[in-house]
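Source file: upload_23.csv (CSV, C-alpha atoms)
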```csv
chain,number,residue,atom,x,y,z
A,3,MET,CA,198.6,61.0,70.4
A,4,ARG,CA,196.3,63.8,71.3
A,5,PHE,CA,193.2,64.7,69.3
A,6,GLY,CA,191.6,68.1,68.6
A,7,ILE,CA,188.9,69.6,66.3
A,8,MET,CA,189.4,72.8,64.3
A,9,TYR,CA,186.6,75.3,63.9
A,10,ASP,CA,186.4,78.1,61.3
A,11,PHE,CA,182.7,79.1,61.6
A,12,ARG,CA,182.2,79.4,57.9
A,13,ASN,CA,178.5,80.0,57.1
A,14,PRO,CA,178.0,80.1,53.3
A,15,LEU,CA,175.0,81.9,51.9
A,16,ARG,CA,173.9,78.7,50.0
A,17,TRP,CA,173.3,76.9,53.3
A,18,HIS,CA,173.1,79.9,55.6
A,19,ILE,CA,172.0,79.5,59.3
A,20,PRO,CA,171.3,82.7,61.3
A,21,ALA,CA,174.5,83.6,62.9
A,22,PRO,CA,173.4,83.4,66.6
A,23,LYS,CA,171.9,80.0,66.0
A,24,PHE,CA,175.0,78.8,64.1
A,25,TYR,CA,177.5,80.0,66.6
A,26,ARG,CA,175.5,78.4,69.4
A,27,ALA,CA,175.5,75.1,67.5
A,28,MET,CA,179.3,75.2,67.1
A,29,MET,CA,179.8,76.1,70.7
A,30,ASP,CA,177.6,73.2,71.8
A,31,GLN,CA,179.7,71.0,69.6
A,32,MET,CA,182.8,72.1,71.4
A,33,VAL,CA,181.2,71.4,74.8
A,34,ASP,CA,180.3,67.9,73.4
A,35,ALA,CA,183.9,67.4,72.2
A,36,GLU,CA,185.1,67.9,75.8
A,37,ALA,CA,182.6,65.2,77.0
A,38,LEU,CA,183.7,62.9,74.2
A,39,GLY,CA,187.3,63.0,75.3
A,40,PHE,CA,188.9,65.3,72.7
A,41,ASP,CA,192.0,67.1,74.0
A,42,HIS,CA,191.8,70.4,72.1
A,43,VAL,CA,189.5,72.7,70.2
A,44,TRP,CA,191.4,74.9,67.8
A,45,LEU,CA,190.0,78.2,66.4
A,46,THR,CA,191.2,79.4,63.1
A,47,GLU,CA,190.6,82.8,61.5
A,48,HIS,CA,190.4,84.7,58.2
A,49,HIS,CA,188.9,88.1,57.4
A,50,PHE,CA,186.4,89.6,55.1
A,51,THR,CA,185.3,86.3,53.4
A,52,GLU,CA,181.9,86.0,51.7
A,53,ASP,CA,181.1,83.0,54.0
A,54,ALA,CA,181.8,84.9,57.2
A,55,TYR,CA,185.0,83.0,58.3
A,56,ASN,CA,185.5,83.7,62.0
A,57,PRO,CA,187.7,86.8,62.2
A,58,ALA,CA,188.0,86.9,66.0
A,59,SER,CA,189.7,83.8,67.3
A,60,LEU,CA,190.8,85.2,70.7
A,61,SER,CA,187.3,86.4,71.5
A,62,MET,CA,185.9,83.0,70.6
A,63,ALA,CA,188.6,81.4,72.8
A,64,ALA,CA,187.4,83.3,75.8
A,65,ALA,CA,183.8,82.4,75.0
A,66,ILE,CA,184.6,78.7,74.8
A,67,ALA,CA,186.8,78.9,78.0
A,68,ALA,CA,183.7,80.1,79.9
A,69,VAL,CA,181.6,77.1,79.0
A,70,THR,CA,184.2,74.3,79.3
A,71,ASN,CA,186.2,72.8,82.1
A,72,ARG,CA,188.9,70.4,80.8
A,73,ILE,CA,189.5,70.7,77.1
A,74,ARG,CA,192.4,72.9,75.9
A,75,ILE,CA,191.7,75.8,73.6
A,76,GLY,CA,194.0,77.1,71.0
A,77,THR,CA,194.3,79.3,67.9
A,78,PHE,CA,195.2,77.7,64.6
A,79,VAL,CA,196.2,80.3,63.8
A,80,LEU,CA,196.1,83.9,65.1
A,81,LEU,CA,197.1,86.1,62.2
A,82,LEU,CA,199.6,88.2,64.0
A,83,PRO,CA,200.4,90.9,61.5
A,84,PHE,CA,196.7,92.1,61.7
A,85,ILE,CA,196.6,92.7,65.4
A,86,HIS,CA,198.6,95.0,67.7
A,87,PRO,CA,201.0,92.7,69.8
A,88,VAL,CA,200.0,94.4,73.0
A,89,ARG,CA,196.3,93.9,72.3
A,90,ALA,CA,197.0,90.3,71.4
A,91,ALA,CA,198.9,89.7,74.6
A,92,GLU,CA,196.0,91.2,76.6
A,93,ASP,CA,193.4,89.0,74.9
A,94,ILE,CA,195.6,85.9,75.3
A,95,ALA,CA,196.0,86.6,79.0
A,96,LEU,CA,192.2,86.9,79.3
A,97,ALA,CA,191.6,83.6,77.5
A,98,ASP,CA,194.2,81.9,79.7
A,99,ILE,CA,192.7,83.3,82.9
A,100,ILE,CA,189.1,82.4,82.0
A,101,SER,CA,190.2,78.9,81.0
A,102,ASP,CA,192.4,78.6,84.1
A,103,GLY,CA,195.5,77.8,82.1
A,104,ARG,CA,194.0,75.8,79.2
A,105,PHE,CA,195.0,78.2,76.4
A,106,ASP,CA,197.6,77.6,73.6
A,107,ILE,CA,198.9,80.4,71.4
A,108,GLY,CA,199.1,79.3,67.7
A,109,VAL,CA,200.3,82.1,65.4
A,110,GLY,CA,200.9,82.6,61.7
A,111,MET,CA,201.8,85.5,59.5
A,112,GLY,CA,199.0,85.4,57.0
A,113,TYR,CA,199.1,85.0,53.3
A,114,THR,CA,195.9,86.0,51.4
A,115,HIS,CA,196.2,89.1,49.2
A,116,ASP,CA,192.5,89.9,50.0
A,117,GLU,CA,193.3,90.5,53.7
A,118,PHE,CA,196.5,92.5,53.2
A,119,ASN,CA,194.8,94.6,50.6
A,120,ALA,CA,191.7,95.2,52.8
A,121,PHE,CA,193.9,96.2,55.8
A,122,CYS,CA,196.1,98.4,53.5
A,123,ALA,CA,199.0,96.4,55.0
A,124,ASP,CA,202.3,95.8,53.1
A,125,ARG,CA,202.4,92.0,52.5
A,126,SER,CA,206.2,92.2,52.2
A,127,GLU,CA,206.4,93.2,55.8
A,128,ARG,CA,204.5,90.3,57.2
A,129,ALA,CA,207.5,88.2,58.3
A,130,PRO,CA,209.3,91.0,60.2
A,131,ARG,CA,205.9,92.1,61.8
A,132,PHE,CA,205.3,88.5,62.8
A,133,VAL,CA,208.8,88.0,64.3
A,134,GLU,CA,208.6,91.4,66.1
A,135,GLY,CA,205.1,90.6,67.5
A,136,ILE,CA,206.3,87.3,69.0
A,137,GLU,CA,209.3,88.9,70.6
A,138,LEU,CA,207.3,91.7,72.2
A,139,MET,CA,204.5,89.4,73.4
A,140,ARG,CA,207.1,87.1,75.1
A,141,ARG,CA,208.6,90.1,76.9
A,142,LEU,CA,205.1,91.3,78.0
A,143,PHE,CA,204.3,87.9,79.4
A,144,THR,CA,207.6,87.5,81.4
A,145,GLU,CA,208.7,91.0,82.3
A,146,ASP,CA,207.5,94.2,83.9
A,147,ASP,CA,208.1,97.8,82.7
A,148,VAL,CA,208.6,96.7,79.1
A,149,THR,CA,210.2,99.4,76.9
A,150,PHE,CA,210.3,98.1,73.3
A,151,SER,CA,211.6,100.0,70.3
A,152,GLY,CA,210.7,97.9,67.3
A,153,ARG,CA,210.4,98.7,63.6
A,154,PHE,CA,206.6,98.5,63.8
A,155,THR,CA,205.7,98.8,67.5
A,156,GLN,CA,207.0,100.8,70.4
A,157,THR,CA,206.1,100.6,74.1
A,158,LYS,CA,207.3,102.5,77.2
A,159,ASN,CA,207.4,101.1,80.7
A,160,LEU,CA,204.4,98.9,79.8
A,161,ASN,CA,203.1,96.3,82.3
A,162,LEU,CA,200.8,93.6,81.1
A,163,ALA,CA,198.1,93.2,83.7
A,164,PRO,CA,196.8,90.7,84.4
A,165,LYS,CA,199.3,88.2,83.2
A,166,THR,CA,198.7,84.7,82.1
A,167,VAL,CA,198.1,81.8,84.4
A,168,GLN,CA,200.6,79.5,82.6
A,169,LYS,CA,204.2,80.4,83.2
A,170,PRO,CA,206.2,81.8,81.6
A,171,HIS,CA,203.3,82.0,79.1
A,172,PRO,CA,200.9,79.6,77.3
A,173,PRO,CA,202.5,77.1,74.9
A,174,LEU,CA,203.5,78.7,71.7
A,175,TRP,CA,202.8,77.1,68.3
A,176,ILE,CA,203.8,78.4,64.9
A,177,GLY,CA,201.9,77.6,61.7
A,178,ALA,CA,204.3,76.6,58.9
A,179,ARG,CA,204.3,74.9,55.6
A,180,GLY,CA,207.3,76.3,53.7
A,181,PRO,CA,211.0,75.7,54.6
A,182,LYS,CA,211.6,79.3,56.0
A,183,ALA,CA,208.5,79.1,58.2
A,184,ILE,CA,209.4,75.6,59.4
A,185,ARG,CA,212.9,76.7,60.4
A,186,ARG,CA,211.5,79.8,62.0
A,187,ALA,CA,209.3,77.7,64.3
A,188,ALA,CA,212.3,75.7,65.5
A,189,HIS,CA,214.4,78.9,66.0
A,190,PHE,CA,211.6,80.4,68.2
A,191,GLY,CA,211.5,77.2,70.2
A,192,ALA,CA,207.8,76.8,69.3
A,193,ASN,CA,205.7,73.8,68.6
A,194,LEU,CA,204.8,73.2,64.9
A,195,MET,CA,201.3,73.4,63.3
A,196,THR,CA,200.8,72.4,59.7
A,197,THR,CA,198.1,71.5,57.2
A,198,LEU,CA,198.0,69.6,53.9
A,199,GLY,CA,201.1,68.9,51.9
A,200,PRO,CA,204.5,67.3,52.4
A,201,ASP,CA,205.4,66.5,56.0
A,202,PRO,CA,207.3,69.5,57.4
A,203,ALA,CA,208.4,67.5,60.5
A,204,PRO,CA,211.7,66.2,59.3
A,205,LEU,CA,213.1,69.7,58.6
A,206,TYR,CA,211.6,71.0,61.8
A,207,LEU,CA,213.1,68.2,63.9
A,208,LYS,CA,216.5,68.5,62.2
A,209,THR,CA,216.6,72.2,62.8
A,210,LEU,CA,215.7,71.7,66.5
A,211,GLU,CA,218.7,69.3,66.8
A,212,GLU,CA,221.0,71.7,65.0
A,213,LEU,CA,220.0,74.3,67.5
A,214,GLY,CA,220.8,72.0,70.4
A,215,ARG,CA,217.2,71.5,71.4
A,216,LYS,CA,215.6,68.2,72.3
A,217,PRO,CA,213.0,67.2,69.7
A,218,THR,CA,211.0,65.2,72.1
A,219,ASP,CA,210.3,68.4,74.1
A,220,PHE,CA,208.2,69.7,71.2
A,221,LYS,CA,204.9,68.9,69.6
A,222,ILE,CA,203.8,68.6,66.0
A,223,ALA,CA,200.1,69.2,65.1
A,224,GLN,CA,198.8,68.0,61.8
A,225,LEU,CA,195.4,69.0,60.4
A,226,ARG,CA,193.4,66.7,58.1
A,227,MET,CA,189.8,66.6,56.9
A,228,VAL,CA,187.9,63.8,58.7
A,229,TYR,CA,184.3,62.6,58.4
A,230,CYS,CA,182.7,59.4,59.8
A,231,ALA,CA,179.3,58.0,58.8
A,232,ASP,CA,177.6,54.6,58.7
A,233,SER,CA,178.8,53.9,55.2
A,234,GLU,CA,181.5,55.3,52.9
A,235,GLU,CA,178.9,56.3,50.3
A,236,GLN,CA,176.9,58.2,52.9
A,237,ALA,CA,180.0,60.0,54.1
A,238,TRP,CA,181.0,61.3,50.7
A,239,ASP,CA,177.4,62.1,49.7
A,240,GLU,CA,177.1,64.3,52.8
A,241,ILE,CA,180.3,66.2,52.5
A,242,GLN,CA,181.2,66.5,48.8
A,243,ASP,CA,179.4,69.8,48.1
A,244,HIS,CA,180.8,71.4,51.3
A,245,LEU,CA,184.3,70.2,50.5
A,246,ALA,CA,184.0,71.7,47.1
A,247,HIS,CA,183.1,75.1,48.7
A,248,VAL,CA,186.1,74.8,51.1
A,249,PHE,CA,188.6,73.9,48.5
A,250,GLY,CA,187.3,76.5,46.1
A,251,TYR,CA,188.3,79.3,48.5
A,252,TYR,CA,191.8,77.8,49.2
A,253,GLU,CA,192.5,77.1,45.6
A,254,ARG,CA,192.1,80.8,44.8
A,255,VAL,CA,193.9,82.4,47.8
A,256,LEU,CA,196.7,79.9,48.0
A,257,GLY,CA,197.2,80.1,44.2
A,258,GLU,CA,197.4,83.9,44.5
A,259,ALA,CA,199.9,83.7,47.4
A,260,ALA,CA,202.0,81.0,45.8
A,261,ASP,CA,204.1,80.7,49.0
A,262,VAL,CA,204.6,76.9,48.8
A,263,GLU,CA,205.5,74.9,45.8
A,264,GLY,CA,202.5,73.4,44.2
A,265,ASP,CA,199.9,75.8,45.7
A,266,ASP,CA,199.3,77.4,42.3
A,267,GLN,CA,198.2,74.1,40.7
A,268,PRO,CA,194.5,73.6,40.0
A,269,LEU,CA,192.5,71.3,42.1
A,270,PRO,CA,192.5,67.6,41.1
A,271,PHE,CA,188.7,67.5,40.5
A,272,ARG,CA,186.2,69.2,38.3
A,273,SER,CA,183.0,68.6,40.2
A,274,PRO,CA,182.1,67.7,43.9
A,275,GLU,CA,181.3,64.2,42.8
A,276,GLU,CA,184.9,63.6,41.7
A,277,ILE,CA,186.5,64.5,45.0
A,278,ARG,CA,186.1,61.0,46.4
A,279,HIS,CA,188.0,59.6,43.4
A,280,SER,CA,190.8,62.2,43.5
A,281,VAL,CA,194.2,62.1,45.1
A,282,LEU,CA,192.8,64.2,48.0
A,283,ALA,CA,190.9,61.1,49.1
A,284,GLU,CA,194.2,59.2,49.6
A,285,GLY,CA,195.1,61.1,52.7
A,286,ALA,CA,194.1,64.7,52.8
A,287,ILE,CA,190.5,63.6,53.4
A,288,MET,CA,189.7,60.7,55.6
A,289,ALA,CA,186.1,59.8,54.9
A,290,GLY,CA,184.0,56.7,55.5
A,291,THR,CA,183.0,54.4,58.3
A,292,PRO,CA,185.0,54.6,61.5
A,293,ASP,CA,186.9,51.4,60.6
A,294,GLN,CA,187.8,52.9,57.2
A,295,VAL,CA,188.9,56.2,58.8
A,296,ALA,CA,191.0,54.2,61.2
A,297,VAL,CA,192.8,52.5,58.4
A,298,LYS,CA,193.5,55.9,56.8
A,299,LEU,CA,194.7,57.3,60.1
A,300,ASP,CA,197.0,54.3,60.6
A,301,ALA,CA,198.6,54.9,57.2
A,302,PHE,CA,199.0,58.6,58.1
A,303,CYS,CA,200.7,57.7,61.4
A,304,ASN,CA,203.2,55.5,59.5
A,305,GLU,CA,204.0,58.3,57.1
A,306,PHE,CA,203.9,61.5,59.1
A,307,LYS,CA,205.3,62.7,62.4
A,308,CYS,CA,202.5,63.9,64.6
A,309,THR,CA,201.8,64.3,68.3
A,310,ASP,CA,198.5,66.2,67.9
A,311,PHE,CA,196.1,65.1,65.3
A,312,ILE,CA,193.5,67.8,64.4
A,313,LEU,CA,190.3,67.1,62.6
A,314,SER,CA,188.5,69.5,60.3
A,315,SER,CA,185.1,67.9,60.5
A,316,HIS,CA,182.5,70.6,60.2
A,317,PHE,CA,182.8,71.6,56.5
A,318,ALA,CA,181.4,74.9,55.6
A,319,GLY,CA,177.6,74.7,55.3
A,320,ILE,CA,177.1,71.2,56.5
A,321,ASP,CA,174.2,70.5,58.9
A,322,PRO,CA,175.8,70.7,62.4
A,323,LYS,CA,173.9,67.6,63.4
A,324,LYS,CA,175.8,65.6,60.8
A,325,SER,CA,179.2,66.9,61.8
A,326,SER,CA,178.4,66.3,65.5
A,327,ARG,CA,177.5,62.7,64.6
A,328,SER,CA,180.8,62.3,62.8
A,329,ASN,CA,182.8,63.6,65.8
A,330,GLU,CA,180.9,61.2,68.1
A,331,LEU,CA,181.7,58.2,65.8
A,332,PHE,CA,185.4,59.2,65.6
A,333,ALA,CA,185.7,59.7,69.4
A,334,LYS,CA,184.1,56.4,70.3
A,335,HIS,CA,185.5,54.1,67.6
A,336,VAL,CA,188.7,55.6,66.3
A,337,ILE,CA,190.5,57.6,69.1
A,338,PRO,CA,190.9,54.7,71.6
A,339,ALA,CA,193.1,52.7,69.2
A,340,PHE,CA,195.5,55.6,68.6
A,341,ARG,CA,195.9,57.0,72.1
A,342,GLU,CA,199.3,55.4,72.6
A,343,ARG,CA,200.7,56.0,69.1
```
Take the structure in the file and write it out as structure tokens.
Amino acid sequence: MRFGIMYDFRNPLRWHIPAPKFYRAMMDQMVDAEALGFDHVWLTEHHFTEDAYNPASLSMAAAIAAVTNRIRIGTFVLLLPFIHPVRAAEDIALADIISDGRFDIGVGMGYTHDEFNAFCADRSERAPRFVEGIELMRRLFTEDDVTFSGRFTQTKNLNLAPKTVQKPHPPLWIGARGPKAIRRAAHFGANLMTTLGPDPAPLYLKTLEELGRKPTDFKIAQLRMVYCADSEEQAWDEIQDHLAHVFGYYERVLGEAADVEGDDQPLPFRSPEEIRHSVLAEGAIMAGTPDQVAVKLDAFCNEFKCTDFILSSHFAGIDPKKSSRSNELFAKHVIPAFRER
């Protein structure tokens, strides 16, 4: 199993840190993650949030590539309907070049009504825009003189220059939770990225087999919230308010989107103090001492298919020193026991 850390750069007003100082702290944490032996850093994006969720994952990928040497860098996920596919392909190529072939393309089609409304984009077009964007980018990475006549994008004799270091292009991942999206990832021959909820892996692997593809040739990344401290009580005390902020945003936007069954249900807690006693603490959130987190991760591995385990460990507004300490504890005391899983 490989291990990565996801970064969203959320900086809520309640705990606000001046942006240059905060971004530097997060970048330093990623450099430390490389030294600690993590395999990946993953950069997620949203747009126009009150807590300044990072909107520019490809720019950040290039920045991280310039200050690291080994660790892979990926997007989890690039919201493809909000960026021109040619511009995306150019920025992906740049990140792959600066990293010397350490970049992974993770893409999704977006879901929040806030974003589609702000961009004045038709949300009903997100799936065809997404599919068309992937098709055009793949051609740009692998062909010259690309003429493309799509529903949303057209090009004429276009040459992507420079092209990516990795051939035919960086590994492609698709973010998916619902059945249609899961099957789409398999049809594109992409690796699968997913977050909380029922395990999408069985449907994904079954679809790969039905398409005549070898499931062992593909990777499955699963994201969970992880936090290590010297005691379970300390862990929960340090993260509960920040988790409440994180879940508050997703409760609203997922509920409005209602793309996956159950997303419109209210959160299973009424106050930050109740999170540790809720169903979320049974698997979605792995908090406690390294030994306790290892037990939770072992249970996860027995229940879910996963080749790449991704931690969300810097919860919006938490002191970067605390999340750095959590990452260090996880890397030193948890990862070694799971490398061969």
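Computed from the coordinates, the atom CA of Gly257 of chain A to atom CA of Asn56 of chain A distance equals 21.6 Å.
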* To do: For segment 170-183 of chain A, please output as a list in words all residues within 7 Å (counting only C-alpha atoms; exclusion window: fewer than 3 positions along the same chain).
  => Val79, Phe105, Asp106, Ile107, Gly108, Val109, Gly110, Phe143, Thr144, Thr166, Arg186, Ala187, Ala192, Asn193, Leu194, Met195, Thr196, Pro202 and Val262 of chain A
* To do: Write out as a PyMOL selection string the residues lying within 10 Å of Ala163 of chain A, counting all atoms listed in the file and excluding same-chain residues fewer than 5 positions away.
  => chain A and resi 91-92+95-96+142-143+146
* **Exercise: segment 270-275 of chain A partners within 10 Å, only C-alpha atoms, chain neighbours under 3 positions left out, as a PyMOL selection string** => chain A and resi 238-239+241-247+267+278-282
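Using all atoms listed in the file, the residues found no farther than 12 Å from Lys208 of chain A, other than those of its own chain fewer than 2 positions away, are Pro181, Ile184, Arg185, Ala187, Ala188, His189, Pro202, Ala203, Pro204, Leu205, Tyr206, Leu210, Glu211, Glu212, Leu213, Gly214, Arg215, Lys216, Pro217 and Thr218 of chain A.
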